[in-house]
>>> print(open('target.txt').read())   # compact mmCIF, C-alpha atoms and all ligand atoms
# COMPACT_ATOMS: atom_id res chain seq x y z
CA MET S 121 13.73 -8.16 -3.56
CA ARG S 122 10.31 -9.12 -4.86
CA LEU S 123 7.27 -6.82 -4.85
CA VAL S 124 3.83 -8.28 -5.51
CA PHE S 125 0.99 -5.90 -6.32
CA LEU S 126 -1.94 -7.21 -4.27
CA GLY S 127 -4.30 -4.43 -5.27
CA THR S 128 -3.98 -1.46 -7.63
CA GLY S 129 -7.42 0.15 -7.45
CA THR S 130 -8.64 3.33 -5.86
CA SER S 131 -10.90 3.35 -2.79
CA GLN S 132 -13.95 1.92 -4.57
CA GLY S 133 -12.01 -0.75 -6.42
CA VAL S 134 -12.64 -1.63 -10.07
CA PRO S 135 -15.27 -2.66 -11.09
CA VAL S 136 -17.24 -0.03 -9.20
CA ILE S 137 -20.53 -1.34 -7.79
CA GLY S 138 -23.30 -0.64 -10.29
CA CYS S 139 -21.03 0.74 -13.03
CA ARG S 140 -21.40 -0.56 -16.58
CA CYS S 141 -18.52 1.32 -18.22
CA ALA S 142 -16.10 -0.45 -20.57
CA VAL S 143 -13.47 -0.85 -17.84
CA CYS S 144 -15.86 -2.17 -15.18
CA THR S 145 -17.28 -4.73 -17.61
CA SER S 146 -13.92 -5.63 -19.22
CA ARG S 147 -12.95 -9.31 -19.44
CA ASP S 148 -9.26 -8.43 -19.18
CA ALA S 149 -8.21 -9.52 -15.67
CA ARG S 150 -5.86 -6.52 -15.53
CA ASP S 151 -8.94 -4.25 -15.44
CA ASN S 152 -10.09 -5.80 -12.13
CA ARG S 153 -8.46 -3.88 -9.32
CA LEU S 154 -8.74 -4.63 -5.61
CA ARG S 155 -7.94 -1.85 -3.16
CA THR S 156 -4.29 -0.73 -3.21
CA SER S 157 -1.79 -2.89 -1.35
CA ALA S 158 1.52 -4.62 -2.02
CA MET S 159 3.71 -7.32 -0.48
CA LEU S 160 7.46 -6.91 -0.34
CA GLU S 161 9.93 -9.72 0.30
CA TRP S 162 13.31 -8.28 1.13
CA GLY S 163 16.01 -10.61 2.43
CA GLY S 164 14.19 -12.67 5.01
CA VAL S 165 11.57 -10.04 5.73
CA ARG S 166 8.03 -10.11 4.35
CA LEU S 167 6.08 -6.86 4.59
CA VAL S 168 2.63 -5.85 3.48
CA ILE S 169 2.00 -2.20 2.67
CA ASP S 170 -1.58 -1.31 3.70
CA ALA S 171 -4.36 -3.72 4.63
CA GLY S 172 -7.59 -2.49 3.08
CA PRO S 173 -10.99 -4.19 2.86
CA ASP S 174 -9.63 -6.77 0.37
CA PHE S 175 -6.77 -7.88 2.66
CA ARG S 176 -8.20 -11.36 3.30
CA GLN S 177 -8.71 -12.14 -0.37
CA GLN S 178 -5.31 -10.69 -1.26
CA MET S 179 -3.52 -12.81 1.34
CA LEU S 180 -5.34 -15.94 0.16
CA ARG S 181 -4.17 -15.23 -3.39
CA THR S 182 -0.53 -15.04 -2.29
CA GLY S 183 -0.71 -18.32 -0.39
CA VAL S 184 1.69 -17.04 2.30
CA ARG S 185 1.41 -18.31 5.90
CA ARG S 186 3.50 -15.64 7.59
CA ILE S 187 3.97 -11.90 7.38
CA ASP S 188 6.43 -10.01 9.55
CA ALA S 189 4.87 -6.57 9.49
CA ILE S 190 2.29 -4.30 7.95
CA LEU S 191 3.26 -0.73 7.06
CA LEU S 192 0.39 1.71 6.85
CA THR S 193 0.53 4.77 4.60
CA HIS S 194 -2.44 6.50 6.28
CA GLU S 195 -5.69 5.70 8.00
CA HIS S 196 -8.24 5.84 5.17
CA LYS S 197 -10.40 2.71 5.21
CA ASP S 198 -9.27 1.53 1.79
CA HIS S 199 -5.84 1.14 3.46
CA THR S 200 -6.76 -0.14 6.93
CA GLY S 201 -10.24 -1.71 6.73
CA GLY S 202 -8.95 -5.30 6.58
CA LEU S 203 -6.78 -5.28 9.69
CA ASP S 204 -9.15 -7.57 11.59
CA ASP S 205 -8.08 -10.43 9.31
CA VAL S 206 -4.54 -10.22 10.66
CA ARG S 207 -5.77 -12.71 13.25
CA ALA S 208 -5.47 -15.57 10.75
CA PHE S 209 -1.70 -15.00 10.79
CA ASN S 210 -1.70 -14.91 14.61
CA PHE S 211 -3.01 -18.46 14.77
CA VAL S 212 -1.41 -20.19 11.77
CA ASP S 213 0.89 -22.14 14.14
CA TYR S 214 -1.67 -22.47 16.91
CA PRO S 215 -1.31 -22.74 19.91
CA THR S 216 1.70 -20.44 19.43
CA ILE S 217 0.35 -16.93 18.90
CA ARG S 218 2.39 -14.83 16.54
CA ARG S 219 1.70 -11.12 16.84
CA VAL S 220 1.91 -8.90 13.76
CA ASP S 221 3.73 -5.56 13.97
CA VAL S 222 1.82 -2.68 12.42
CA PHE S 223 3.90 0.41 11.64
CA GLY S 224 2.50 3.88 11.00
CA THR S 225 2.57 7.46 12.18
CA GLU S 226 1.11 8.37 15.55
CA ARG S 227 -2.06 9.76 13.99
CA THR S 228 -2.63 6.71 11.81
CA LEU S 229 -2.12 4.27 14.67
CA ARG S 230 -4.40 6.33 16.93
CA CYS S 231 -7.15 5.75 14.36
CA VAL S 232 -6.36 2.02 14.23
CA ARG S 233 -6.65 1.84 18.02
CA LYS S 234 -10.01 3.60 17.87
CA ASP S 235 -11.45 1.62 14.94
CA PHE S 236 -10.32 -1.76 16.29
CA ASP S 237 -10.69 -0.94 20.00
CA TYR S 238 -11.66 -4.54 20.87
CA ALA S 239 -8.17 -5.67 19.82
CA PHE S 240 -6.61 -3.48 22.49
CA ASP S 241 -8.95 -4.17 25.44
CA ARG S 242 -7.37 -5.03 28.77
CA ASN S 243 -9.46 -8.20 29.01
CA LYS S 244 -9.58 -9.24 25.41
CA TYR S 245 -12.06 -11.60 23.86
CA ARG S 246 -10.09 -14.62 22.69
CA GLY S 247 -9.53 -14.63 18.95
CA VAL S 248 -9.25 -10.90 18.36
CA PRO S 249 -6.33 -9.78 16.17
CA GLU S 250 -3.02 -9.67 18.04
CA ILE S 251 -1.47 -6.46 16.75
CA GLU S 252 1.63 -4.70 18.02
CA LEU S 253 1.43 -1.00 17.17
CA ARG S 254 4.83 0.48 16.22
CA VAL S 255 4.76 4.25 16.00
CA ILE S 256 7.21 5.71 13.50
CA ASP S 257 8.53 9.24 13.26
CA PRO S 258 8.16 9.98 9.54
CA ALA S 259 11.14 12.34 9.72
CA HIS S 260 13.52 9.46 10.46
CA PRO S 261 14.36 6.01 9.07
CA PHE S 262 13.28 2.97 11.10
CA ARG S 263 14.07 -0.72 11.02
CA VAL S 264 11.90 -3.70 10.19
CA GLY S 265 13.55 -7.08 10.66
CA GLY S 266 17.01 -5.54 10.43
CA ARG S 267 16.27 -3.63 7.21
CA GLU S 268 16.24 0.17 7.10
CA VAL S 269 13.07 1.77 5.79
CA VAL S 270 13.00 5.48 4.94
CA PRO S 271 9.62 7.23 5.32
CA VAL S 272 8.79 9.76 2.61
CA ARG S 273 6.19 12.34 3.58
CA GLY S 274 3.60 13.68 1.22
CA LEU S 275 0.31 15.52 1.36
CA HIS S 276 -2.95 13.78 0.47
CA SER S 277 -4.80 17.08 0.90
CA PRO S 278 -3.58 20.42 2.29
CA ARG S 279 -3.67 19.37 5.97
CA PHE S 280 -3.54 15.59 5.65
CA GLU S 281 -0.16 13.92 5.64
CA VAL S 282 0.47 10.53 4.09
CA THR S 283 3.59 8.38 4.36
CA GLY S 284 5.39 6.66 1.50
CA TYR S 285 8.28 4.29 2.06
CA ARG S 286 11.69 3.75 0.50
CA PHE S 287 13.20 0.28 0.75
CA GLY S 288 16.75 0.63 -0.65
CA PRO S 289 16.35 0.73 -4.46
CA LEU S 290 12.54 0.74 -4.40
CA ALA S 291 10.14 3.47 -3.26
CA TYR S 292 6.38 3.06 -2.84
CA LEU S 293 4.10 6.10 -2.67
CA THR S 294 0.33 6.01 -2.62
CA ASP S 295 -2.38 8.61 -2.05
CA PHE S 296 0.01 11.50 -2.69
CA LYS S 297 -1.25 14.79 -4.07
CA THR S 298 1.88 16.87 -3.44
CA ILE S 299 5.43 16.25 -2.25
CA ALA S 300 7.85 18.85 -0.93
CA PRO S 301 11.29 19.11 -2.60
CA GLU S 302 13.13 17.89 0.53
CA GLU S 303 10.96 14.77 0.63
CA GLU S 304 11.32 14.20 -3.11
CA ALA S 305 15.09 14.31 -2.56
CA LYS S 306 14.74 11.09 -0.52
CA LEU S 307 13.77 9.32 -3.76
CA ALA S 308 17.04 10.15 -5.51
CA GLY S 309 18.67 7.17 -7.17
CA VAL S 310 15.80 4.69 -6.80
CA GLU S 311 15.72 1.94 -9.37
CA VAL S 312 11.96 1.46 -9.15
CA LEU S 313 9.30 4.00 -8.20
CA VAL S 314 5.72 2.96 -7.48
CA VAL S 315 3.37 5.93 -7.41
CA ASN S 316 -0.36 6.58 -7.35
CA ALA S 317 -2.10 7.92 -10.47
CA LEU S 318 -5.87 8.12 -10.14
CA ARG S 319 -6.99 9.08 -13.66
CA PRO S 320 -6.15 11.50 -16.48
CA GLN S 321 -8.39 14.26 -15.08
CA PRO S 322 -7.16 16.34 -12.09
CA HIS S 323 -8.38 15.42 -8.60
CA ASP S 324 -8.29 17.26 -5.24
CA SER S 325 -6.42 14.64 -3.24
CA HIS S 326 -4.62 12.24 -5.60
CA PHE S 327 -2.03 12.66 -8.34
CA SER S 328 -3.56 12.68 -11.80
CA LEU S 329 -1.74 10.73 -14.51
CA ASP S 330 0.18 13.85 -15.60
CA GLU S 331 1.16 14.72 -12.03
CA ALA S 332 2.47 11.20 -11.46
CA LEU S 333 4.38 11.29 -14.77
CA ALA S 334 5.89 14.65 -13.82
CA LEU S 335 7.22 13.20 -10.55
CA ILE S 336 8.54 10.14 -12.40
CA GLY S 337 10.26 12.46 -14.89
CA ARG S 338 12.01 14.37 -12.09
CA VAL S 339 13.05 11.30 -10.07
CA ALA S 340 14.04 9.40 -13.24
CA PRO S 341 13.94 5.82 -11.93
CA ARG S 342 14.82 2.98 -14.28
CA ARG S 343 11.22 1.71 -14.04
CA ALA S 344 8.01 3.20 -12.64
CA TYR S 345 4.66 1.55 -11.89
CA LEU S 346 1.35 3.34 -11.47
CA THR S 347 -1.16 2.22 -8.83
CA HIS S 348 -4.35 3.34 -6.97
CA MET S 349 -6.20 3.76 -10.27
CA SER S 350 -9.88 4.40 -10.88
CA HIS S 351 -11.99 3.14 -13.80
CA ASP S 352 -11.46 6.59 -15.36
CA MET S 353 -7.89 5.49 -16.21
CA GLY S 354 -9.44 3.54 -19.10
CA LEU S 355 -8.76 0.03 -20.32
CA HIS S 356 -5.38 -1.32 -19.26
CA ALA S 357 -4.48 -2.46 -22.78
CA LEU S 358 -5.17 0.97 -24.31
CA ARG S 359 -3.67 3.12 -21.57
CA ALA S 360 -0.49 1.05 -21.36
CA GLU S 361 0.30 1.89 -25.01
CA SER S 362 0.33 5.63 -24.34
CA LEU S 363 2.79 5.64 -21.43
CA PRO S 364 6.40 6.84 -21.73
CA GLU S 365 9.17 4.25 -21.91
CA GLY S 366 9.86 2.59 -18.59
CA VAL S 367 6.47 3.53 -17.11
CA PHE S 368 3.91 0.77 -16.60
CA LEU S 369 0.41 0.39 -15.24
CA ALA S 370 0.58 -2.02 -12.33
CA TYR S 371 -2.13 -4.65 -12.14
CA ASP S 372 -3.25 -7.05 -9.43
CA GLY S 373 -0.92 -10.03 -9.21
CA LEU S 374 1.98 -8.34 -11.04
CA GLU S 375 5.33 -9.34 -9.51
CA ILE S 376 8.48 -7.36 -9.99
CA TYR S 377 12.06 -8.09 -8.99
CA VAL S 378 14.64 -5.48 -8.03
CA ASN S 379 18.34 -6.10 -7.29
CA ASP S 380 19.27 -4.84 -3.85
ZN ZN E 401 -6.55 5.28 -0.98
ZN ZN E 402 -16.80 1.86 -14.39
ZN ZN E 403 -6.43 8.01 1.06
>>> encode(input="target.txt", output="structure tokens")
Amino acid sequence: MRLVFLGTGTSQGVPVIGCRCAVCTSRDARDNRLRTSAMLEWGGVRLVIDAGPDFRQQMLRTGVRRIDAILLTHEHKDHTGGLDDVRAFNFVDYPTIRRVDVFGTERTLRCVRKDFDYAFDRNKYRGVPEIELRVIDPAHPFRVGGREVVPVRGLHSPRFEVTGYRFGPLAYLTDFKTIAPEEEAKLAGVEVLVVNALRPQPHDSHFSLDEALALIGRVAPRRAYLTHMSHDMGLHALRAESLPEGVFLAYDGLEIYVND
């Protein structure tokens, strides 16, 4: 399987509007981070995890003309704000309209239906995104294009659940702050773990660097990649040097391959 990091930045992206810090003004392309998203090609299935405000630009960068499904981790706008641009994929082979399946928990999809209400009207305006909402029960595995996906539940804040996903040997978690032991057990044996790490300093609703490294230490994957980073993570080149063996900072455009 191939995973492409489409965006690795926190909700504001990096650079942050108006910021003149060393990271936001860096010329290293790895310090430019669009909002967090990734594309997974697994067998014949092509999935995108989250579709934030940079979705259009991210899809243009990949050059792909088809996606089979979008998996949402939660309803925050940095993860859903770009869903309107799904319509480009609907009409690539016009006049055949290809709908895009969007998977998420009931609460997340309820928010999508509210935020993009025009896409679900009875008498739709022609040209609105053609989205098929697929509610998942995060307690049970589900199938996308014949492949089994295991949801992994976490907490973003004390009463706000977020969903990570395990795809065979690879697990992808973002916007986690805590994870219960029984959910962490679902990560056992993964080859690659992708996990959010906002910055070195603690934060109310995202893993800090140390919290992410602690989870990586317990799960012990062969390789781990950090994502959803803020400018407070520091320059990519400097931070990368200080990470334990097998742990990497993801960056936009990074592609990784995992045997499955
Ligand atoms: Zn986020
Ligand atoms: Zn900055
Ligand atoms: Zn969030």
>>> closest_residue(input="target.txt", among="S:Asp174, S:Asp372, S:Asp352, S:Asp380", to="Asn152 in chain S", atoms="only C-alpha atoms")
S:Asp372
>>> closest_residue(input="target.txt", among="S:Leu253, S:Val378, S:Val269, S:Leu293", to="ligand ZN 403 (chain E)", atoms="only C-alpha atoms and all ligand atoms")
S:Leu293
>>> residues_around(input="target.txt", residues="Asp151 in chain S", least_positions_apart="2", cutoff="10 Å", atoms="all atoms listed in the file", output="count of residues only")
24
>>> residues_near_ligand(input="target.txt", ligand="ligand ZN 403 (chain E)", cutoff="12 Å", atoms="all atoms listed in the file", output="PyMOL selection string")
chain S and resi 129-132+155-156+170+172+192-201+228+274-277+280-284+293-297+316+318+324-327+348
>>> closest_residue(input="target.txt", among="S:Pro173, S:Asp237, S:Arg207, S:Tyr214", to="ligand ZN 401 (chain E)", atoms="all atoms listed in the file")
S:Pro173
>>> atom_distance(input="target.txt", atom1="CA of Leu203 in chain S", atom2="CA of Leu180 in chain S")
14.4 Å
>>> atom_distance(input="target.txt", atom1="CA of Phe125 in chain S", atom2="CA of Arg185 in chain S")
17.4 Å
>>> atom_distance(input="target.txt", atom1="CA of Pro258 in chain S", atom2="CA of Pro271 in chain S")
5.2 Å
>>> closest_residue(input="target.txt", among="S:Pro301, S:Gly164, S:Asn210, S:Ile169", to="ligand ZN 401 (chain E)", atoms="only C-alpha atoms and all ligand atoms")
S:Ile169
>>> closest_residue(input="target.txt", among="S:Leu290, S:Val232, S:Val248, S:Leu191", to="Phe209 in chain S", atoms="only C-alpha atoms")
S:Val248
>>> residues_around(input="target.txt", residues="Asn379 in chain S", least_positions_apart="2", cutoff="10 Å", atoms="all atoms listed in the file", output="list of chain:residue names")
S:Met121, S:Arg122, S:Gly288, S:Pro289, S:Leu290, S:Glu311, S:Tyr377
>>> residues_around(input="target.txt", residues="Leu369 in chain S", least_positions_apart="2", cutoff="7 Å", atoms="only C-alpha atoms", output="ChimeraX atom specification")
/S:345-347,360,371
>>> closest_residue(input="target.txt", among="S:Val272, S:Ala334, S:Ala317, S:Val184", to="ligand ZN 401 (chain E)", atoms="all atoms listed in the file")
S:Ala317
>>> residues_around(input="target.txt", residues="Ala239 in chain S", least_positions_apart="6", cutoff="12 Å", atoms="all atoms listed in the file", output="list in words")
Leu203, Asp204, Asp205, Val206, Arg207, Arg219, Val232, Arg233, Tyr245, Arg246, Gly247, Val248, Pro249, Glu250, Ile251, Glu252 and Leu253 of chain S
>>> axis_aligned_box(input="target.txt", around="range 229-234 of chain S", padding_each_side="3 Å", output="AutoDock Vina command-line options")
--center_x -6.1 --center_y 4.1 --center_z 16.1 --size_x 13.9 --size_y 10.5 --size_z 9.8
>>> residues_around(input="target.txt", residues="Leu335 in chain S", least_positions_apart="6", cutoff="10 Å", atoms="only C-alpha atoms", output="count of residues only")
6
